[in-house]
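Okay, structure first, notes after.
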Amino acid sequence: MVSRVLPYPLFDADNHLYETEESLTKYLPKEYAGAIQYVQVNGRTKIAIRGQISDYIPNPTFEVVARPGAMEEYFKIGNPEGKSRREIFGEPMRSVPAYREPGPRLELMDELGVDRTLMFPTLASLVEERMRDDPELIHVVVHSLNQWLHEVWGFNYKDRIFTTPVISLPIVDKAIAELEWCLERGAKAILVRPAPVPGFLGPRSFALPEFDPFWKKAEQAGVLVAMHSSDSGYARYTSEWEGGRTEMLPFKPNAFRMIGEWRPVSDAVASWVCHGALYRFPELKVAVIENGSAWLEPLLETLADIYKKMPQEFPGDPVEMVKNRIHVSPFYEEDLGHLTNLIGVERVLFGSDYPHPEGLAHPTTFVDALKGLDEEEKAKVMGGNLARLMGM
């Protein structure tokens, strides 16, 4: 039963599917068969990338998962009792077909009151960082995943579920070929990691001119570039401060890591303007998903100060460029009224992060955070803005 009906259609910018074990391996060419393996460690299934076991996602089979919205209270009011993550997550649940297949997911969306959604993979966020020294392998594994996504979910399921294929950029010609392959199969949005691009000569910004042929193709196609939270590699810097070599472990509390939690997206958006790509491609559509919005105002203040001191470094005001071009999907616990005043209501996108524990158990409740907005403005945030970006 739909617990709540809103007077406008909901287009959720942030839903997730849970991959099966074959998602990264089914279409891998034989010569790469050992690159990704599932192994048993003390009775638990773990994923190994080139023989290195990763704990980035504690249960990569997703057979048992945390309940949707398990962390809502944690994000709304904090954790005054100092509960452990296990206590916060509560009792887990078995994965249901709606997390694995588009047909059952549509039925669940109807129950939740969600008309359309972007659908992001979950396991994909660990791939690029753990293969950063092998650009060829990154492209092979990403294509394998995209083949599986297309086979199981499609990139446009009944004009309601828009699954986002992953595009990695190390080798520009291969990135363009991957984009074209996805577009031919109906992709309306793509997932690009907010991180430096790994490559044969080392990492570098995706917004440098060498990547212009890719962005030109994306601009011409009108595809939405979604920069979703991922493992952007910043655990290396945290580890240097803490004297360790631990990979990013998003579900393990770490106070020092949380100090710079939004540094990757802040750097990514800064790169869009400092390295000029947003100026060079005025019709390119970019959205920042599941990164909140706490990083935005400090970044705009810093850009304003830099522009005041060295305007010659920019083709135009970088603050206005970010405000006019970057769409943001904030967290429900943030001050969304302030955000709409900062960048305009047209740039704000509703995202529930369903069914992840960090998200909302009932996506429609996001509207309660839109205090001070009238019904027309709420309709834009809750679906109209994303529909416009997707050309619907």
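Identifiers in the structure tokens: chain A, B, ... in order shown; residue index from 1 per chain; ligand index from 1 in order shown.
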How close does segment 76-139 of chain A get to segment 225-230 of chain A? List, as CSV, each residue of segment 76-139 of chain A within 10 Å, its nearest atom pair and the distance in Å to one decimal, counting only C-alpha atoms.
```
residue,atom,partner,partner_atom,distance
A:Leu118,CA,A:Ala226,CA,9.6
A:Phe120,CA,A:His228,CA,8.5
A:Thr122,CA,A:Ser230,CA,9.2
A:Leu123,CA,A:Ser230,CA,9.8
A:Ala124,CA,A:Ser230,CA,8.5
A:Ser125,CA,A:Ser230,CA,5.0
A:Leu126,CA,A:Ser230,CA,7.3
A:Val127,CA,A:Ser230,CA,9.6
A:Glu128,CA,A:Ser230,CA,9.5
A:Glu129,CA,A:Ser230,CA,9.2
```
Please produce a file of the residues just selected, as a short mmCIF file (atom, residue, chain, number, x, y, z; two decimals), in the first residue's frame, where the atoms kept are N, CA and C atoms.
```cif
data_model
loop_
_atom_site.label_atom_id
_atom_site.label_comp_id
_atom_site.auth_asym_id
_atom_site.auth_seq_id
_atom_site.Cartn_x
_atom_site.Cartn_y
_atom_site.Cartn_z
N LEU A 118 16.52 7.01 -11.26
CA LEU A 118 17.83 6.58 -11.71
C LEU A 118 18.22 5.38 -10.84
N PHE A 120 21.33 3.06 -9.70
CA PHE A 120 22.79 2.93 -9.66
C PHE A 120 23.20 1.55 -9.16
N THR A 122 25.70 -0.93 -7.01
CA THR A 122 26.29 -0.76 -5.68
C THR A 122 27.72 -1.26 -5.63
N LEU A 123 27.95 -2.46 -6.12
CA LEU A 123 29.28 -3.07 -6.07
C LEU A 123 30.27 -2.36 -6.98
N ALA A 124 29.77 -1.70 -8.00
CA ALA A 124 30.64 -1.06 -9.00
C ALA A 124 31.58 -0.03 -8.40
N SER A 125 31.23 0.53 -7.25
CA SER A 125 32.02 1.63 -6.70
C SER A 125 33.41 1.22 -6.24
N LEU A 126 33.68 -0.10 -6.16
CA LEU A 126 35.02 -0.51 -5.71
C LEU A 126 35.97 -0.81 -6.87
N VAL A 127 35.46 -0.87 -8.10
CA VAL A 127 36.24 -1.40 -9.21
C VAL A 127 37.45 -0.54 -9.58
N GLU A 128 37.20 0.72 -9.93
CA GLU A 128 38.25 1.53 -10.54
C GLU A 128 39.44 1.76 -9.61
N GLU A 129 39.17 2.02 -8.35
CA GLU A 129 40.25 2.33 -7.43
C GLU A 129 41.18 1.14 -7.24
#
```
Give me, please, the distance in Å between atom CA of Glu261 of chain A and atom CA of Phe331 of chain A, quoted to one decimal.
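Between these atoms lies a distance of 14.0 Å.
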With distances taken over only C-alpha atoms, which residue among A:Leu224, A:Ala48, A:Met131, A:Ile77 lies nearest Glu333 of chain A?
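Residue with the minimum atom-to-atom distance to Glu333 of chain A: A:Ile77.
Between atom CA of Val172 of chain A and atom CA of Pro198 of chain A there is a distance of 11.5 Å.
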Which polymer residues have any atom within 10 Å of an atom of Leu278 of chain A, counting only C-alpha atoms, with same-chain residues fewer than 2 positions away left out, as a list in words?
Ala207, Trp215, Val269, Ser271, Trp272, Val273, Cys274, His275, Gly276, Arg280, Phe281, Pro282, Glu283, Leu284, Lys285, Val286, Pro318, Met321, Val322, Arg325 and Ile326 of chain A
Return as a count of residues only the full set of residues in segment 36-174 of chain A whose backbone-based DSSP assignment is alpha helix (DSSP H).
43
Extract the full set of strand (DSSP E) residues from segment 34-263 of chain A according to DSSP on the backbone, and format it as a PyMOL selection string.
chain A and resi 36-41+44-49+52-54+64-65+93-94+116-120+161-163+189-191+224-228
For the residues in the current selection, export C-alpha atoms as an mmCIF file, in the first residue's frame.
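File selection_39.cif, as written:
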```cif
data_model
loop_
_atom_site.group_PDB
_atom_site.id
_atom_site.type_symbol
_atom_site.label_atom_id
_atom_site.label_comp_id
_atom_site.auth_asym_id
_atom_site.auth_seq_id
_atom_site.Cartn_x
_atom_site.Cartn_y
_atom_site.Cartn_z
ATOM 1 C CA ILE A 36 37.759 -10.886 -9.914
ATOM 2 C CA GLN A 37 36.999 -13.811 -7.656
ATOM 3 C CA TYR A 38 34.671 -14.619 -4.801
ATOM 4 C CA VAL A 39 36.483 -16.449 -2.006
ATOM 5 C CA GLN A 40 35.611 -17.893 1.389
ATOM 6 C CA VAL A 41 37.216 -16.326 4.468
ATOM 7 C CA ARG A 44 32.098 -15.582 4.781
ATOM 8 C CA THR A 45 32.149 -14.763 1.079
ATOM 9 C CA LYS A 46 34.507 -11.958 0.125
ATOM 10 C CA ILE A 47 35.468 -10.398 -3.173
ATOM 11 C CA ALA A 48 39.096 -10.484 -4.304
ATOM 12 C CA ILE A 49 40.438 -8.098 -6.932
ATOM 13 C CA GLN A 52 43.628 -8.998 -3.029
ATOM 14 C CA ILE A 53 40.645 -9.444 -0.717
ATOM 15 C CA SER A 54 38.574 -6.293 -0.281
ATOM 16 C CA VAL A 64 21.697 -10.443 3.389
ATOM 17 C CA VAL A 65 21.513 -6.643 3.576
ATOM 18 C CA MET A 93 17.094 -8.837 6.057
ATOM 19 C CA ARG A 94 17.312 -11.235 3.151
ATOM 20 C CA ARG A 116 10.641 7.012 -12.011
ATOM 21 C CA THR A 117 14.186 6.632 -10.797
ATOM 22 C CA LEU A 118 17.835 6.577 -11.709
ATOM 23 C CA MET A 119 19.152 3.137 -10.732
ATOM 24 C CA PHE A 120 22.791 2.929 -9.665
ATOM 25 C CA ILE A 161 13.844 2.755 -14.329
ATOM 26 C CA PHE A 162 16.937 4.322 -15.856
ATOM 27 C CA THR A 163 19.920 2.204 -14.917
ATOM 28 C CA ALA A 189 22.377 8.774 -17.762
ATOM 29 C CA ILE A 190 25.903 7.541 -17.066
ATOM 30 C CA LEU A 191 27.888 7.097 -13.869
ATOM 31 C CA LEU A 224 23.156 13.132 -17.976
ATOM 32 C CA VAL A 225 26.558 12.764 -16.308
ATOM 33 C CA ALA A 226 25.909 11.569 -12.756
ATOM 34 C CA MET A 227 28.873 11.856 -10.404
ATOM 35 C CA HIS A 228 27.797 9.453 -7.679
#
```
As number ranges by chain, please: the residues near Arg86 of chain A (cut-off 10 Å, only C-alpha atoms, same-chain neighbours under 4 positions excluded).
A: 66, 90-92, 251
I need the residues from that last selection saved to file as a PDB file, in the first residue's frame (with C-alpha atoms), if you can.
```pdb
ATOM      1  CA  ALA A  66      20.728  -3.863   6.026  1.00  0.00           C
ATOM      2  CA  GLY A  90      19.669  -3.341  13.567  1.00  0.00           C
ATOM      3  CA  GLU A  91      18.425  -6.685  12.332  1.00  0.00           C
ATOM      4  CA  PRO A  92      19.406  -7.378   8.697  1.00  0.00           C
ATOM      5  CA  PHE A 251      30.989   1.171   7.126  1.00  0.00           C
TER       6      PHE A 251
END
```
Can you build me a table of segment 41-94 of chain A residues sitting at most 8 Å from segment 344-367 of chain A, with the closest atom pair per residue and its distance in Å to one decimal, using only C-alpha atoms, sorted by chain and residue number, as JSON lines?
```
{"residue": "A:Ala66", "atom": "CA", "partner": "A:Pro357", "partner_atom": "CA", "distance": 5.8}
{"residue": "A:Arg67", "atom": "CA", "partner": "A:Pro357", "partner_atom": "CA", "distance": 5.8}
{"residue": "A:Pro68", "atom": "CA", "partner": "A:Pro355", "partner_atom": "CA", "distance": 4.5}
{"residue": "A:Gly69", "atom": "CA", "partner": "A:Ala361", "partner_atom": "CA", "distance": 4.2}
{"residue": "A:Ala70", "atom": "CA", "partner": "A:Pro357", "partner_atom": "CA", "distance": 4.6}
{"residue": "A:Met71", "atom": "CA", "partner": "A:Glu358", "partner_atom": "CA", "distance": 5.1}
{"residue": "A:Glu72", "atom": "CA", "partner": "A:Glu358", "partner_atom": "CA", "distance": 6.5}
{"residue": "A:Phe75", "atom": "CA", "partner": "A:Glu358", "partner_atom": "CA", "distance": 7.9}
{"residue": "A:Phe89", "atom": "CA", "partner": "A:Pro357", "partner_atom": "CA", "distance": 7.1}
```
Work out how far apart atom CA of Pro9 of chain A and atom CA of Asp159 of chain A are and give it in Å to one decimal.
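Between atom CA of Pro9 of chain A and atom CA of Asp159 of chain A the gap works out to 13.4 Å.
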For Val319 of chain A, list every protein, DNA or RNA residue within 10 Å, evaluated using only C-alpha atoms, and leave out those in the same chain fewer than 6 positions away; present the list as a ChimeraX atom specification.
/A:270,273,297,299-305,307,343
Could you write those residues out with N, CA and C atoms, as a CSV table (one decimal), in the first residue's frame?
```csv
chain,number,residue,atom,x,y,z
A,270,ALA,N,35.4,21.5,-8.2
A,270,ALA,CA,36.4,22.5,-8.5
A,270,ALA,C,37.1,22.3,-9.8
A,273,VAL,N,35.5,23.5,-13.1
A,273,VAL,CA,35.7,24.9,-13.5
A,273,VAL,C,37.2,25.3,-13.6
A,297,GLU,N,28.8,25.2,-0.2
A,297,GLU,CA,29.0,26.6,0.2
A,297,GLU,C,30.5,27.0,0.5
A,299,LEU,N,33.0,25.6,-0.9
A,299,LEU,CA,33.7,25.6,-2.2
A,299,LEU,C,33.4,26.9,-2.9
A,300,LEU,N,32.2,27.3,-2.9
A,300,LEU,CA,31.8,28.5,-3.6
A,300,LEU,C,32.5,29.7,-3.0
A,301,GLU,N,32.6,29.8,-1.7
A,301,GLU,CA,33.4,30.9,-1.0
A,301,GLU,C,34.8,30.9,-1.4
A,302,THR,N,35.4,29.7,-1.5
A,302,THR,CA,36.8,29.6,-1.9
A,302,THR,C,37.0,30.0,-3.4
A,303,LEU,N,36.1,29.6,-4.2
A,303,LEU,CA,36.2,30.0,-5.6
A,303,LEU,C,36.0,31.5,-5.8
A,304,ALA,N,35.1,32.1,-5.0
A,304,ALA,CA,34.9,33.5,-5.1
A,304,ALA,C,36.2,34.3,-4.7
A,305,ASP,N,36.9,33.8,-3.7
A,305,ASP,CA,38.1,34.4,-3.3
A,305,ASP,C,39.2,34.3,-4.3
A,307,TYR,N,38.8,33.8,-7.6
A,307,TYR,CA,38.4,34.6,-8.8
A,307,TYR,C,38.7,36.1,-8.5
A,343,ILE,N,21.7,27.9,-4.6
A,343,ILE,CA,21.9,27.6,-6.0
A,343,ILE,C,20.7,27.7,-6.9
```
